file model.cif (mmCIF, C-alpha atoms; chains and numbers go by the auth columns)
data_run
loop_
_atom_site.group_PDB
_atom_site.id
_atom_site.type_symbol
_atom_site.label_atom_id
_atom_site.label_comp_id
_atom_site.label_asym_id
_atom_site.label_seq_id
_atom_site.Cartn_x
_atom_site.Cartn_y
_atom_site.Cartn_z
_atom_site.B_iso_or_equiv
_atom_site.auth_seq_id
_atom_site.auth_asym_id
ATOM 1 C CA MET A 1 48.529 141.772 5.882 0.00 7 A
ATOM 2 C CA TYR A 2 47.953 138.300 7.295 0.00 8 A
ATOM 3 C CA VAL A 3 50.267 135.535 6.133 0.00 9 A
ATOM 4 C CA CYS A 4 48.754 132.806 8.304 0.00 10 A
ATOM 5 C CA SER A 5 45.045 133.190 8.876 0.00 11 A
ATOM 6 C CA CYS A 6 44.901 130.039 11.033 0.00 12 A
ATOM 7 C CA PHE A 7 46.985 131.695 13.760 0.00 13 A
ATOM 8 C CA GLY A 8 46.630 135.380 12.838 0.00 14 A
ATOM 9 C CA VAL A 9 50.309 135.850 11.956 0.00 15 A
ATOM 10 C CA THR A 10 51.118 138.923 9.906 0.00 16 A
ATOM 11 C CA GLU A 11 53.825 139.523 7.329 0.00 17 A
ATOM 12 C CA ARG A 12 55.354 142.000 9.763 0.00 18 A
ATOM 13 C CA GLN A 13 55.605 139.309 12.449 0.00 19 A
ATOM 14 C CA VAL A 14 57.239 136.860 10.015 0.00 20 A
ATOM 15 C CA LYS A 15 59.766 139.520 9.031 0.00 21 A
ATOM 16 C CA GLN A 16 60.496 140.237 12.700 0.00 22 A
ATOM 17 C CA HIS A 17 61.088 136.549 13.431 0.00 23 A
ATOM 18 C CA ALA A 18 63.358 136.404 10.384 0.00 24 A
ATOM 19 C CA ALA A 19 65.284 139.417 11.672 0.00 25 A
ATOM 20 C CA ASP A 20 65.622 137.599 14.999 0.00 26 A
ATOM 21 C CA GLY A 21 67.265 134.647 13.232 0.00 27 A
ATOM 22 C CA ALA A 22 64.485 132.386 11.928 0.00 28 A
ATOM 23 C CA CYS A 23 65.688 131.483 8.429 0.00 29 A
ATOM 24 C CA THR A 24 63.348 128.703 7.350 0.00 30 A
ATOM 25 C CA PRO A 25 59.599 128.104 7.380 0.00 31 A
ATOM 26 C CA ARG A 26 60.160 125.482 10.078 0.00 32 A
ATOM 27 C CA GLN A 27 61.944 128.017 12.296 0.00 33 A
ATOM 28 C CA ILE A 28 59.146 130.521 11.679 0.00 34 A
ATOM 29 C CA ALA A 29 56.663 127.800 12.681 0.00 35 A
ATOM 30 C CA SER A 30 58.595 127.212 15.895 0.00 36 A
ATOM 31 C CA ALA A 31 58.490 130.911 16.673 0.00 37 A
ATOM 32 C CA CYS A 32 54.805 131.618 15.977 0.00 38 A
ATOM 33 C CA LYS A 33 53.015 128.461 14.701 0.00 39 A
ATOM 34 C CA ALA A 34 52.541 129.913 11.195 0.00 40 A
ATOM 35 C CA GLY A 35 52.367 127.087 8.681 0.00 41 A
ATOM 36 C CA THR A 36 51.598 124.341 11.187 0.00 42 A
ATOM 37 C CA ASP A 37 47.837 123.986 10.669 0.00 43 A
ATOM 38 C CA CYS A 38 46.545 123.919 7.080 0.00 44 A
ATOM 39 C CA GLY A 39 49.938 124.739 5.526 0.00 45 A
ATOM 40 C CA SER A 40 48.600 127.083 2.863 0.00 46 A
ATOM 41 C CA CYS A 41 50.883 129.903 4.034 0.00 47 A
ATOM 42 C CA VAL A 42 54.178 128.012 3.809 0.00 48 A
ATOM 43 C CA ARG A 43 54.909 129.188 0.262 0.00 49 A
ATOM 44 C CA ARG A 44 54.190 132.777 1.261 0.00 50 A
ATOM 45 C CA ILE A 45 56.564 132.418 4.226 0.00 51 A
ATOM 46 C CA GLN A 46 59.220 131.006 1.890 0.00 52 A
ATOM 47 C CA ALA A 47 58.751 134.003 -0.402 0.00 53 A
ATOM 48 C CA ILE A 48 59.126 136.426 2.504 0.00 54 A
ATOM 49 C CA LEU A 49 62.281 134.688 3.708 0.00 55 A
ATOM 50 C CA GLY A 50 63.789 134.465 0.219 0.00 56 A
ATOM 51 C CA ARG A 51 67.276 133.084 -0.114 0.00 57 A
ATOM 52 C CA GLY A 52 69.078 135.884 1.680 0.00 58 A
ATOM 53 C CA ALA A 53 71.998 135.443 4.031 0.00 59 A
ATOM 54 C CA CYS A 54 71.196 133.205 6.956 0.00 60 A
ATOM 55 C CA PRO A 55 73.853 132.519 9.583 0.00 61 A
ATOM 56 C CA ARG A 56 72.073 129.378 10.794 0.00 62 A
ATOM 57 C CA ARG A 57 71.713 128.010 7.251 0.00 63 A
ATOM 58 C CA ASP A 58 75.408 128.704 6.636 0.00 64 A
ATOM 59 C CA LEU A 59 76.327 126.798 9.807 0.00 65 A
ATOM 60 C CA ALA A 60 74.105 123.876 8.819 0.00 66 A
ATOM 61 C CA ASP A 61 75.683 123.768 5.358 0.00 67 A
ATOM 62 C CA GLN A 62 79.077 123.476 7.060 0.00 68 A
ATOM 63 C CA GLY A 63 77.831 120.642 9.273 0.00 69 A
ATOM 64 C CA LYS A 64 78.079 122.754 12.430 0.00 70 A
ATOM 65 C CA PRO A 65 75.404 122.891 15.167 0.00 71 A
ATOM 66 C CA VAL A 66 72.875 125.626 14.476 0.00 72 A
ATOM 67 C CA LEU A 67 71.465 125.852 17.992 0.00 73 A
ATOM 68 C CA ALA A 68 74.755 126.220 19.840 0.00 74 A
ATOM 69 C CA GLU A 69 73.617 129.414 21.532 0.00 75 A
ATOM 70 C CA LEU A 70 70.641 127.564 22.998 0.00 76 A
ATOM 71 C CA ASP A 71 72.851 124.736 24.237 0.00 77 A
ATOM 72 C CA GLU A 72 75.106 127.228 26.024 0.00 78 A
ATOM 73 C CA ALA A 73 72.131 128.883 27.752 0.00 79 A
ATOM 74 C CA ALA A 74 70.850 125.619 29.188 0.00 80 A
#
call {"tool": "encode", "arguments": {"input": "model.cif", "output": "structure tokens"}}
result
Amino acid sequence: MYVCSCFGVTERQVKQHAADGACTPRQIASACKAGTDCGSCVRRIQAILGRGACPRRDLADQGKPVLAELDEAA
């Protein structure tokens, strides 16, 4: 089932990006552009993501850098 018809992103793809660490609609947008055109799918993305455990969200809540692994790779 398509979540984002603007970019042809499926629910399965959103779930895969979430499993890979994307915890917010903005992070999903960075991964696959879903939610960046008309925006009508953002609420659906939020529903898919839910409020489950998110290591990056936990780090952000603690005031720690959430992209540390990217900084180390550079």
call {"tool": "resolve_selection", "arguments": {"input": "model.cif", "expression": "the PyMOL selection byres ((chain A and resi 27-38) around 7)", "output": "list in words"}}
result
Val20, His23, Ala24, Ala25, Asp26, Lys39, Ala40, Gly41, Thr42, Val48, Ile51, Gln52, Leu55 and Cys60 of chain A
call {"tool": "resolve_selection", "arguments": {"input": "model.cif", "expression": "the PyMOL selection byres ((chain A and resi 12) around 9)", "output": "list in words"}}
result
Cys10, Ser11, Phe13, Gly14, Val15, Ala40, Gly41, Thr42, Asp43 and Cys44 of chain A
call {"tool": "closest_residue", "arguments": {"input": "model.cif", "among": "A:Gln68, A:Ile54, A:Tyr8, A:Arg49", "to": "A:Lys21", "atoms": "only C-alpha atoms"}}
result
A:Ile54
